[in-house]
Amino acid sequence: MKSNLTKPDVKKIGRFNLMVSSGSIRAILAGAGAGLACQMAHLDNFATIGGVSGGSIPSLLLAAKVDPKIILDKTLELDFAKVLPQRETVSHFLTSWLRPHAKKTYPYQGLRASAPLGELLESLVPVWPDNYWTVAARNGNPVLFTAKGVFEYQADKIVQIMAGRPSVSQAIRASCAIPGIIEAIDYAGVRLFDGGYSIHGGLPVELISRHFKFSMRSVLAVDFTCHEKMTFLASGLMYLSKFISHSLGRELGHIYREYAAAVIRPQLDWLTGRLPLSLTKEQKQEAIMAGFKEAYQVLQFKNLLPQESKNRLEYASRSFANLYEICSTKSEPVKTPWFQRMFSQAVAAVRTVQMR
């Protein structure tokens with residue numbers, strides 16, 4: 001499928017809506033980088049902002065307007081093995097599930113717990129932001145968490161599960177609950193799984209635009225759903241996850257992504273199809289910069305960068321040290337020489353051709 005290459009009319013769109021797709025650890029790290037690029041470009045006055053699964057985490061911090069330096073610090077400090085502690089070995093999990101006397105609910109417990117992750121995020125964002133949303137799944141149906149309540153979109157109706165602001169911890173844990181891997185969440189009597197397993201998939205452009213009543217052309221999408229290169233083992237685990245979450249036979253497509261104003265697709269092939277819980281600081285920095293650079297190039301091509309922001313983003317895109325400096329000081333860098341700006345523009349043009 002071709003990339004979205006049309007240039008949006010900013011005056012007609014007004015405020016944008018930021019959406020970060022599912023994508024496991026890629027979405028957490030590169031999603032943070034892409035979100036910071038949007039923030040640095042002064043596009044952070046979003047009408048709505050949210051994400052699915054791993055994408056729900058950086059979008060939460062951005063919606064809560066957490067300081068950019070804190071976002072970088074917390075992302076680098078994040079120990080995935082600690083916030084997702086192991087509760088079962090794979091062999092014990094499978095043998096326990098296959099025993100005749102095993103409870104049918106046993107697979108819902110998953111290999112890893114997520115309570116520490118929820119506690120960490122709630123310590124950073126104790127109150128649900130007004131414009132934030134995330135999605136979990138129940139039997140393939142999307143369950144949408146918003147500041148005004150929790151809604152399940154069934155085939156023929158919308159059921160409100162709860163009114164008012166939901167728990168940040170419970171909502172994020174539910175959206176990240178990969179079936180069989182991370183424990184499912186019981187919320188208001190409903191068992192919920194990873195939002196990427198709903199019929200709207202990991203980038204629910206149509207669902208969110210319909211619920212909040214905005215044009216899909218106002219969406220800035222950070223998309224990790226179109227680079228999946230599944231190994232045989234990963235495909236088998238995906239099938240098992242669909243079976244556990246009752247989403248077999250569901251269409252997990254993202255046919256509406258091309259209606260978005262801009263689609264940012266960070267390239268992180270070394271993280272695709274994996275759930276690495278132990279990453280070095282350098283690997284995390286690389287993933288963050290992949291998201292930042294891709295967002296910078298796409299926003300530049302789409303003419304969405306205000307003139308006063310271009311120097312700042314170009315300087316920050318050169319290295320993680322520069323990005324950290326900008327996020328720490330918030331000062332304008334020295335103007336980039338004209339030949340370096342031309343080189344950056346040429347690289348962006350080549351990248352755009354490759355996206356077609």
# chains A, B, ... in the order shown; residues from 1 in each chain; ligands from 1
>>> select_by_dssp(residues="range 89-234 of chain A", states="helix (DSSP H, G or I)", output="PyMOL selection string")
chain A and resi 90-98+106-109+115-124+168-175+195-197+205-212+216-218+232-234
>>> residues_around(residues="Ile185 in chain A", least_positions_apart="5", cutoff="8 Å", atoms="only C-alpha atoms", output="short mmCIF file (atom, residue, chain, number, x, y, z; two decimals) with all heavy atoms, in the first residue's frame")
data_model
loop_
_atom_site.label_atom_id
_atom_site.label_comp_id
_atom_site.auth_asym_id
_atom_site.auth_seq_id
_atom_site.Cartn_x
_atom_site.Cartn_y
_atom_site.Cartn_z
N GLN A 170 -5.28 0.82 35.29
CA GLN A 170 -6.08 -0.28 34.76
C GLN A 170 -6.24 -0.19 33.25
O GLN A 170 -6.17 -1.19 32.54
CB GLN A 170 -7.46 -0.28 35.43
CG GLN A 170 -7.46 -0.67 36.90
CD GLN A 170 -7.17 -2.15 37.09
OE1 GLN A 170 -6.02 -2.55 37.28
NE2 GLN A 170 -8.21 -2.96 37.05
N ARG A 173 -2.86 -0.99 31.44
CA ARG A 173 -2.58 -2.42 31.58
C ARG A 173 -3.48 -3.25 30.68
O ARG A 173 -3.04 -4.23 30.07
CB ARG A 173 -2.76 -2.85 33.04
CG ARG A 173 -1.70 -2.29 33.99
CD ARG A 173 -2.04 -2.64 35.42
NE ARG A 173 -2.02 -4.09 35.61
CZ ARG A 173 -2.60 -4.70 36.65
NH1 ARG A 173 -3.28 -4.00 37.55
NH2 ARG A 173 -2.53 -6.02 36.76
N ALA A 174 -4.74 -2.85 30.56
CA ALA A 174 -5.67 -3.57 29.69
C ALA A 174 -5.26 -3.43 28.23
O ALA A 174 -5.26 -4.39 27.47
CB ALA A 174 -7.09 -3.06 29.90
N ALA A 177 -2.32 -5.74 27.38
CA ALA A 177 -2.43 -7.14 27.80
C ALA A 177 -2.38 -8.10 26.61
O ALA A 177 -3.41 -8.61 26.15
CB ALA A 177 -3.71 -7.35 28.60
N ARG A 191 -13.49 -8.86 31.10
CA ARG A 191 -12.10 -9.25 30.91
C ARG A 191 -11.57 -8.63 29.62
O ARG A 191 -12.13 -8.84 28.55
CB ARG A 191 -11.95 -10.76 30.88
CG ARG A 191 -10.50 -11.22 30.71
CD ARG A 191 -10.36 -12.72 30.79
NE ARG A 191 -10.56 -13.20 32.15
CZ ARG A 191 -11.53 -14.00 32.53
NH1 ARG A 191 -12.42 -14.43 31.65
NH2 ARG A 191 -11.64 -14.40 33.78
N LEU A 192 -10.47 -7.89 29.74
CA LEU A 192 -9.96 -7.13 28.61
C LEU A 192 -8.55 -7.57 28.20
O LEU A 192 -7.74 -7.95 29.05
CB LEU A 192 -9.93 -5.63 28.95
CG LEU A 192 -11.28 -5.00 29.34
CD1 LEU A 192 -11.09 -3.55 29.70
CD2 LEU A 192 -12.29 -5.15 28.20
N PHE A 193 -8.29 -7.46 26.88
CA PHE A 193 -6.99 -7.79 26.31
C PHE A 193 -6.44 -6.58 25.53
O PHE A 193 -7.10 -5.55 25.39
CB PHE A 193 -7.12 -8.98 25.36
CG PHE A 193 -7.32 -10.30 26.04
CD1 PHE A 193 -8.58 -10.88 26.11
CD2 PHE A 193 -6.25 -10.98 26.61
CE1 PHE A 193 -8.77 -12.10 26.73
CE2 PHE A 193 -6.43 -12.20 27.23
CZ PHE A 193 -7.69 -12.77 27.30
#
>>> closest_residue(among="A:Arg138, A:Asp79, A:Ala41, A:Leu29", to="Ala316 in chain A", atoms="only C-alpha atoms")
A:Ala41
>>> atom_distance(atom1="CA of Ser328 in chain A", atom2="CA of Lys284 in chain A")
18.1 Å
>>> closest_residue(among="A:Pro85, A:Gly189, A:Pro166, A:Pro129", to="Ala115 in chain A", atoms="only C-alpha atoms")
A:Pro85
>>> atom_distance(atom1="CA of Arg165 in chain A", atom2="CA of Arg210 in chain A")
19.9 Å
>>> atom_distance(atom1="CA of Pro276 in chain A", atom2="CA of Phe80 in chain A")
8.3 Å
>>> residues_around(residues="Gly31 in chain A", least_positions_apart="3", cutoff="8 Å", atoms="only C-alpha atoms", output="ChimeraX atom specification")
/A:20,26-28,34-35,55,58-59,222,288,291
>>> residues_around(residues="Ile71 in chain A", least_positions_apart="4", cutoff="9 Å", atoms="only C-alpha atoms", output="list in words")
Ala32, Leu36, Pro58, Leu61, Leu62, Val66, Asp67, Thr75 and Leu76 of chain A
>>> write_last_selection(atoms="all heavy atoms", output="short mmCIF file (atom, residue, chain, number, x, y, z; two decimals), in the first residue's frame")
data_model
loop_
_atom_site.label_atom_id
_atom_site.label_comp_id
_atom_site.auth_asym_id
_atom_site.auth_seq_id
_atom_site.Cartn_x
_atom_site.Cartn_y
_atom_site.Cartn_z
N ALA A 32 7.71 7.63 21.63
CA ALA A 32 8.12 8.76 22.45
C ALA A 32 8.91 9.76 21.61
O ALA A 32 8.69 10.98 21.70
CB ALA A 32 8.95 8.28 23.64
N LEU A 36 7.72 13.58 20.76
CA LEU A 36 8.54 14.74 21.12
C LEU A 36 8.80 15.63 19.92
O LEU A 36 8.87 16.86 20.05
CB LEU A 36 9.85 14.26 21.74
CG LEU A 36 9.76 13.68 23.16
CD1 LEU A 36 11.09 13.09 23.59
CD2 LEU A 36 9.30 14.74 24.16
N PRO A 58 3.61 6.33 25.57
CA PRO A 58 4.12 7.66 25.26
C PRO A 58 3.01 8.68 25.02
O PRO A 58 3.16 9.87 25.37
CB PRO A 58 4.95 7.44 23.98
CG PRO A 58 4.42 6.19 23.38
CD PRO A 58 4.01 5.33 24.55
N LEU A 61 1.90 10.18 28.37
CA LEU A 61 2.83 11.18 28.91
C LEU A 61 2.72 12.50 28.14
O LEU A 61 2.80 13.58 28.74
CB LEU A 61 4.26 10.64 28.85
CG LEU A 61 4.51 9.33 29.60
CD1 LEU A 61 5.96 8.90 29.45
CD2 LEU A 61 4.14 9.46 31.07
N LEU A 62 2.52 12.42 26.84
CA LEU A 62 2.37 13.63 26.04
C LEU A 62 1.06 14.33 26.34
O LEU A 62 1.00 15.56 26.43
CB LEU A 62 2.47 13.28 24.55
CG LEU A 62 3.85 12.84 24.07
CD1 LEU A 62 3.74 12.15 22.71
CD2 LEU A 62 4.81 14.01 24.00
N VAL A 66 3.74 15.97 30.35
CA VAL A 66 4.93 15.70 31.16
C VAL A 66 6.12 16.36 30.49
O VAL A 66 6.24 16.38 29.26
CB VAL A 66 5.15 14.17 31.29
CG1 VAL A 66 6.45 13.87 32.03
CG2 VAL A 66 3.97 13.53 32.01
N ASP A 67 7.02 16.93 31.30
CA ASP A 67 8.19 17.62 30.77
C ASP A 67 8.98 16.71 29.82
O ASP A 67 9.21 15.54 30.13
CB ASP A 67 9.09 18.05 31.93
CG ASP A 67 10.26 18.89 31.46
OD1 ASP A 67 10.12 20.12 31.40
OD2 ASP A 67 11.32 18.30 31.17
N THR A 75 11.88 7.06 30.02
CA THR A 75 11.92 6.06 28.95
C THR A 75 13.24 5.30 28.96
O THR A 75 13.27 4.08 28.80
CB THR A 75 11.71 6.73 27.57
OG1 THR A 75 10.47 7.45 27.58
CG2 THR A 75 11.66 5.68 26.46
N LEU A 76 14.33 6.02 29.18
CA LEU A 76 15.64 5.38 29.24
C LEU A 76 15.79 4.52 30.50
O LEU A 76 16.44 3.48 30.47
CB LEU A 76 16.76 6.43 29.20
CG LEU A 76 16.94 7.18 27.88
CD1 LEU A 76 18.00 8.26 28.02
CD2 LEU A 76 17.30 6.22 26.75
#
>>> residues_around(residues="Gln86 in chain A", least_positions_apart="4", cutoff="8 Å", atoms="only C-alpha atoms", output="VMD selection string")
chain A and resid 81 111 to 113
>>> write_last_selection(atoms="all heavy atoms", output="CSV table (one decimal), in the first residue's frame")
chain,number,residue,atom,x,y,z
A,81,ALA,N,11.7,-5.7,32.2
A,81,ALA,CA,11.7,-6.9,33.0
A,81,ALA,C,11.1,-6.7,34.4
A,81,ALA,O,10.4,-7.6,34.9
A,81,ALA,CB,13.0,-7.6,33.0
A,111,LEU,N,1.9,-14.9,31.0
A,111,LEU,CA,3.3,-15.3,31.5
A,111,LEU,C,3.8,-14.2,32.4
A,111,LEU,O,4.7,-14.4,33.3
A,111,LEU,CB,4.2,-15.5,30.4
A,111,LEU,CG,3.9,-16.7,29.5
A,111,LEU,CD1,4.9,-16.6,28.3
A,111,LEU,CD2,4.1,-18.0,30.2
A,112,ARG,N,3.3,-12.9,32.2
A,112,ARG,CA,3.9,-11.8,32.9
A,112,ARG,C,2.8,-10.9,33.5
A,112,ARG,O,1.7,-10.8,33.0
A,112,ARG,CB,4.8,-10.9,32.0
A,112,ARG,CG,6.0,-11.7,31.6
A,112,ARG,CD,7.0,-10.8,30.8
A,112,ARG,NE,8.2,-11.5,30.5
A,112,ARG,CZ,9.3,-11.5,31.4
A,112,ARG,NH1,9.2,-10.9,32.5
A,112,ARG,NH2,10.4,-12.2,31.1
A,113,ALA,N,3.1,-10.4,34.7
A,113,ALA,CA,2.2,-9.5,35.4
A,113,ALA,C,2.4,-8.0,34.9
A,113,ALA,O,3.5,-7.8,34.3
A,113,ALA,CB,2.4,-9.6,36.9
>>> residues_around(residues="Ser317 in chain A", least_positions_apart="6", cutoff="10 Å", atoms="only C-alpha atoms", output="number ranges by chain")
A: 37, 289-297, 311, 323, 344
>>> write_last_selection(atoms="all heavy atoms", output="mmCIF file, in the first residue's frame")
data_model
loop_
_atom_site.group_PDB
_atom_site.id
_atom_site.type_symbol
_atom_site.label_atom_id
_atom_site.label_comp_id
_atom_site.auth_asym_id
_atom_site.auth_seq_id
_atom_site.Cartn_x
_atom_site.Cartn_y
_atom_site.Cartn_z
ATOM 1 N N ALA A 37 8.935 15.034 18.734
ATOM 2 C CA ALA A 37 9.119 15.830 17.520
ATOM 3 C C ALA A 37 7.879 16.686 17.253
ATOM 4 O O ALA A 37 7.990 17.868 16.906
ATOM 5 C CB ALA A 37 9.404 14.914 16.329
ATOM 6 N N MET A 289 15.476 7.881 18.682
ATOM 7 C CA MET A 289 15.900 8.741 17.575
ATOM 8 C C MET A 289 15.272 8.315 16.252
ATOM 9 O O MET A 289 15.003 9.155 15.382
ATOM 10 C CB MET A 289 17.423 8.725 17.459
ATOM 11 C CG MET A 289 18.133 9.497 18.566
ATOM 12 S SD MET A 289 17.566 11.210 18.719
ATOM 13 C CE MET A 289 18.012 11.898 17.127
ATOM 14 N N ALA A 290 15.025 7.016 16.076
ATOM 15 C CA ALA A 290 14.362 6.550 14.855
ATOM 16 C C ALA A 290 12.987 7.180 14.729
ATOM 17 O O ALA A 290 12.571 7.618 13.645
ATOM 18 C CB ALA A 290 14.260 5.028 14.854
ATOM 19 N N GLY A 291 12.249 7.234 15.843
ATOM 20 C CA GLY A 291 10.940 7.866 15.836
ATOM 21 C C GLY A 291 11.023 9.364 15.619
ATOM 22 O O GLY A 291 10.239 9.945 14.859
ATOM 23 N N PHE A 292 11.986 10.004 16.275
ATOM 24 C CA PHE A 292 12.126 11.459 16.158
ATOM 25 C C PHE A 292 12.490 11.850 14.731
ATOM 26 O O PHE A 292 11.884 12.764 14.148
ATOM 27 C CB PHE A 292 13.199 11.959 17.132
ATOM 28 C CG PHE A 292 13.305 13.458 17.186
ATOM 29 C CD1 PHE A 292 12.572 14.179 18.118
ATOM 30 C CD2 PHE A 292 14.119 14.154 16.299
ATOM 31 C CE1 PHE A 292 12.659 15.575 18.166
ATOM 32 C CE2 PHE A 292 14.209 15.535 16.330
ATOM 33 C CZ PHE A 292 13.475 16.255 17.273
ATOM 34 N N LYS A 293 13.488 11.182 14.143
ATOM 35 C CA LYS A 293 13.946 11.530 12.803
ATOM 36 C C LYS A 293 12.857 11.304 11.757
ATOM 37 O O LYS A 293 12.674 12.123 10.847
ATOM 38 C CB LYS A 293 15.184 10.707 12.448
ATOM 39 C CG LYS A 293 16.436 11.098 13.213
ATOM 40 C CD LYS A 293 17.611 10.219 12.809
ATOM 41 C CE LYS A 293 18.876 10.592 13.554
ATOM 42 N NZ LYS A 293 20.024 9.724 13.179
ATOM 43 N N GLU A 294 12.137 10.186 11.883
ATOM 44 C CA GLU A 294 11.084 9.904 10.907
ATOM 45 C C GLU A 294 9.971 10.940 10.999
ATOM 46 O O GLU A 294 9.445 11.409 9.980
ATOM 47 C CB GLU A 294 10.516 8.500 11.134
ATOM 48 C CG GLU A 294 9.468 8.068 10.127
ATOM 49 C CD GLU A 294 10.030 7.845 8.741
ATOM 50 O OE1 GLU A 294 11.269 7.839 8.579
ATOM 51 O OE2 GLU A 294 9.228 7.692 7.794
ATOM 52 N N ALA A 295 9.609 11.325 12.226
ATOM 53 C CA ALA A 295 8.578 12.342 12.394
ATOM 54 C C ALA A 295 9.036 13.677 11.811
ATOM 55 O O ALA A 295 8.272 14.368 11.126
ATOM 56 C CB ALA A 295 8.249 12.496 13.874
ATOM 57 N N TYR A 296 10.279 14.033 12.067
ATOM 58 C CA TYR A 296 10.831 15.288 11.536
ATOM 59 C C TYR A 296 10.770 15.305 10.010
ATOM 60 O O TYR A 296 10.329 16.279 9.397
ATOM 61 C CB TYR A 296 12.265 15.447 12.029
ATOM 62 C CG TYR A 296 13.069 16.503 11.303
ATOM 63 C CD1 TYR A 296 12.625 17.827 11.215
ATOM 64 C CD2 TYR A 296 14.288 16.178 10.699
ATOM 65 C CE1 TYR A 296 13.365 18.790 10.545
ATOM 66 C CE2 TYR A 296 15.029 17.143 10.029
ATOM 67 C CZ TYR A 296 14.567 18.441 9.953
ATOM 68 O OH TYR A 296 15.299 19.392 9.291
ATOM 69 N N GLN A 297 11.171 14.203 9.376
ATOM 70 C CA GLN A 297 11.186 14.145 7.915
ATOM 71 C C GLN A 297 9.776 14.184 7.333
ATOM 72 O O GLN A 297 9.519 14.878 6.338
ATOM 73 C CB GLN A 297 11.929 12.892 7.462
ATOM 74 C CG GLN A 297 13.417 12.929 7.750
ATOM 75 C CD GLN A 297 14.112 11.602 7.521
ATOM 76 O OE1 GLN A 297 13.467 10.611 7.167
ATOM 77 N NE2 GLN A 297 15.413 11.565 7.728
ATOM 78 N N ASN A 311 14.825 24.940 12.688
ATOM 79 C CA ASN A 311 16.200 24.854 13.166
ATOM 80 C C ASN A 311 16.315 23.965 14.390
ATOM 81 O O ASN A 311 17.252 23.169 14.524
ATOM 82 C CB ASN A 311 16.735 26.248 13.496
ATOM 83 C CG ASN A 311 17.031 27.065 12.248
ATOM 84 O OD1 ASN A 311 17.252 26.498 11.178
ATOM 85 N ND2 ASN A 311 17.018 28.385 12.376
ATOM 86 N N LEU A 323 19.178 16.080 21.010
ATOM 87 C CA LEU A 323 17.773 16.011 21.411
ATOM 88 C C LEU A 323 17.637 16.218 22.907
ATOM 89 O O LEU A 323 16.771 16.975 23.371
ATOM 90 C CB LEU A 323 17.178 14.652 21.007
ATOM 91 C CG LEU A 323 15.757 14.366 21.506
ATOM 92 C CD1 LEU A 323 14.772 15.391 20.955
ATOM 93 C CD2 LEU A 323 15.327 12.953 21.116
ATOM 94 N N SER A 344 20.107 17.952 4.628
ATOM 95 C CA SER A 344 19.002 17.340 5.371
ATOM 96 C C SER A 344 17.752 17.256 4.514
ATOM 97 O O SER A 344 17.018 16.263 4.542
ATOM 98 C CB SER A 344 18.713 18.148 6.644
ATOM 99 O OG SER A 344 19.823 18.147 7.500
#
>>> closest_residue(among="A:Lys310, A:His200, A:His42, A:Arg87", to="Ala137 in chain A", atoms="only C-alpha atoms")
A:His200
